[in-house]
Amino acid sequence: MVDKVIPATPSAEDYAKSAANSPDDGAWFARTDPFALFGEWLDDAKKKEPNDPNAMALATADENGAPDVRMVLLKGVSGDGFVFYSNAESRKGTQLAANAQAALCFHWKSLRRQVRVSGKVELASEAEADAYFSSRAKDSQIGAWASEQSRPMEGRFELEKRIAHFAVKYGFGTTPRPPHWKGWRIVPTRIEFWRDRPFRLHDRLEFIREAGGMPWQTRRLYP
């Protein structure tokens, strides 16, 4: 069976626009703070991306090293790392418990940019998790109680019954954070910034360090 050939993209006109928007300037490659640069790019994405500019692919691995990946939402970023929240009993949660390393990839198609992050993973504090959980919509809070994330489900009605149960239990007043709903912080040892250039000759700027809290070093990579 012959694989279907996917035509090469983008067009020469698109490349010309990309070249105009991404000059090979020395100032860009002289950047020394990856979190400041990431903040600028995220701000740009919030203006350009039609949906979820904070969406990121999260790659994890289980205790045997088998990889897994899914999309999650970035909910906090600082010089300490990148934070997201989820169910600790989910597939991602159990994988992170077994192998506390992860990688992220942000892809902003409208900007022709991406950022790759990798490093160790640590749990966010209980106070951080409580603060973010309290900011969520009531329906999302109830959903966090109702969903046995990543586990088999017989049908949608099973989920709806659980939602109804917890809506009665926590529908009024403050909804407490489920003990299994936690936050994780990826403390990066590598952050790479990529921007589109004509004919796949892209710009790549990598920040690397030995461990969290250590100084960053930079290097330019071949496309």
# chains A, B, ... in the order shown; residues from 1 in each chain; ligands from 1
>>> residues_around(residues="Ser150 in chain A", least_positions_apart="2", cutoff="7 Å", atoms="only C-alpha atoms", output="list in words")
Ser90, Arg91, Glu148 and Pro152 of chain A
>>> select_by_dssp(residues="range 57-171 of chain A", states="alpha helix (DSSP H)", output="mmCIF file with C-alpha atoms, in the first residue's frame")
data_model
loop_
_atom_site.group_PDB
_atom_site.id
_atom_site.type_symbol
_atom_site.label_atom_id
_atom_site.label_comp_id
_atom_site.auth_asym_id
_atom_site.auth_seq_id
_atom_site.Cartn_x
_atom_site.Cartn_y
_atom_site.Cartn_z
ATOM 1 C CA ARG A 91 -2.535 8.319 33.638
ATOM 2 C CA LYS A 92 -0.346 11.422 33.613
ATOM 3 C CA GLY A 93 -0.457 11.598 37.409
ATOM 4 C CA THR A 94 0.638 8.005 37.920
ATOM 5 C CA GLN A 95 3.359 8.367 35.300
ATOM 6 C CA LEU A 96 4.737 11.469 36.993
ATOM 7 C CA ALA A 97 4.698 9.661 40.333
ATOM 8 C CA ALA A 98 6.763 6.849 38.791
ATOM 9 C CA GLU A 126 -1.029 22.586 48.681
ATOM 10 C CA ALA A 127 -1.591 26.333 49.054
ATOM 11 C CA GLU A 128 -0.974 26.894 45.340
ATOM 12 C CA ALA A 129 -3.364 24.094 44.405
ATOM 13 C CA ASP A 130 -6.032 25.393 46.806
ATOM 14 C CA ALA A 131 -5.727 28.927 45.436
ATOM 15 C CA TYR A 132 -6.073 27.863 41.810
ATOM 16 C CA PHE A 133 -8.888 25.384 42.509
ATOM 17 C CA SER A 134 -10.884 28.090 44.288
ATOM 18 C CA SER A 135 -10.606 30.292 41.171
ATOM 19 C CA LYS A 138 -18.232 25.864 40.167
ATOM 20 C CA ASP A 139 -19.066 23.337 37.423
ATOM 21 C CA SER A 140 -15.362 22.666 36.867
ATOM 22 C CA GLN A 141 -14.848 22.153 40.597
ATOM 23 C CA ILE A 142 -17.689 19.633 40.714
ATOM 24 C CA GLY A 143 -16.327 17.955 37.584
ATOM 25 C CA ALA A 144 -12.988 17.435 39.323
ATOM 26 C CA TRP A 145 -14.817 15.410 41.988
ATOM 27 C CA ALA A 146 -17.020 13.538 39.517
ATOM 28 C CA ARG A 156 -21.980 8.921 29.685
ATOM 29 C CA PHE A 157 -24.865 8.342 32.084
ATOM 30 C CA GLU A 158 -22.423 6.953 34.637
ATOM 31 C CA LEU A 159 -20.545 10.252 34.589
ATOM 32 C CA GLU A 160 -23.744 12.283 34.706
ATOM 33 C CA LYS A 161 -24.873 10.413 37.824
ATOM 34 C CA ARG A 162 -21.599 11.238 39.534
ATOM 35 C CA ILE A 163 -21.902 14.889 38.506
ATOM 36 C CA ALA A 164 -25.413 15.014 39.949
ATOM 37 C CA HIS A 165 -24.223 13.406 43.180
ATOM 38 C CA PHE A 166 -21.419 15.915 43.745
ATOM 39 C CA ALA A 167 -23.577 18.832 42.572
ATOM 40 C CA VAL A 168 -25.967 18.042 45.418
ATOM 41 C CA LYS A 169 -23.084 17.600 47.855
ATOM 42 C CA TYR A 170 -21.068 20.695 46.878
#
>>> select_by_dssp(residues="range 98-193 of chain A", states="strand (DSSP E)", output="ChimeraX atom specification")
/A:101-108,113-123,181-193
>>> closest_atom_pairs(of="range 56-102 of chain A", to="range 178-182 of chain A", cutoff="6 Å", atoms="only C-alpha atoms", output="JSON lines")
{"residue": "A:Tyr85", "atom": "CA", "partner": "A:Lys182", "partner_atom": "CA", "distance": 5.6}
{"residue": "A:Ser86", "atom": "CA", "partner": "A:Trp181", "partner_atom": "CA", "distance": 5.7}
{"residue": "A:Asn87", "atom": "CA", "partner": "A:Trp181", "partner_atom": "CA", "distance": 4.6}
{"residue": "A:Ala88", "atom": "CA", "partner": "A:His180", "partner_atom": "CA", "distance": 5.2}
>>> write_last_selection(atoms="N, CA and C atoms", output="PDB file, in the first residue's frame")
ATOM      1  N   TYR A  85      -2.314  21.738  36.373  1.00  0.00           N
ATOM      2  CA  TYR A  85      -3.083  21.017  37.384  1.00  0.00           C
ATOM      3  C   TYR A  85      -3.852  19.873  36.743  1.00  0.00           C
ATOM      4  N   SER A  86      -4.060  18.802  37.527  1.00  0.00           N
ATOM      5  CA  SER A  86      -4.807  17.662  37.014  1.00  0.00           C
ATOM      6  C   SER A  86      -5.106  16.693  38.144  1.00  0.00           C
ATOM      7  N   ASN A  87      -5.652  15.548  37.766  1.00  0.00           N
ATOM      8  CA  ASN A  87      -5.986  14.478  38.699  1.00  0.00           C
ATOM      9  C   ASN A  87      -4.744  13.599  38.894  1.00  0.00           C
ATOM     10  N   ALA A  88      -4.280  13.482  40.134  1.00  0.00           N
ATOM     11  CA  ALA A  88      -3.076  12.701  40.406  1.00  0.00           C
ATOM     12  C   ALA A  88      -3.286  11.211  40.175  1.00  0.00           C
TER      13      ALA A  88
END
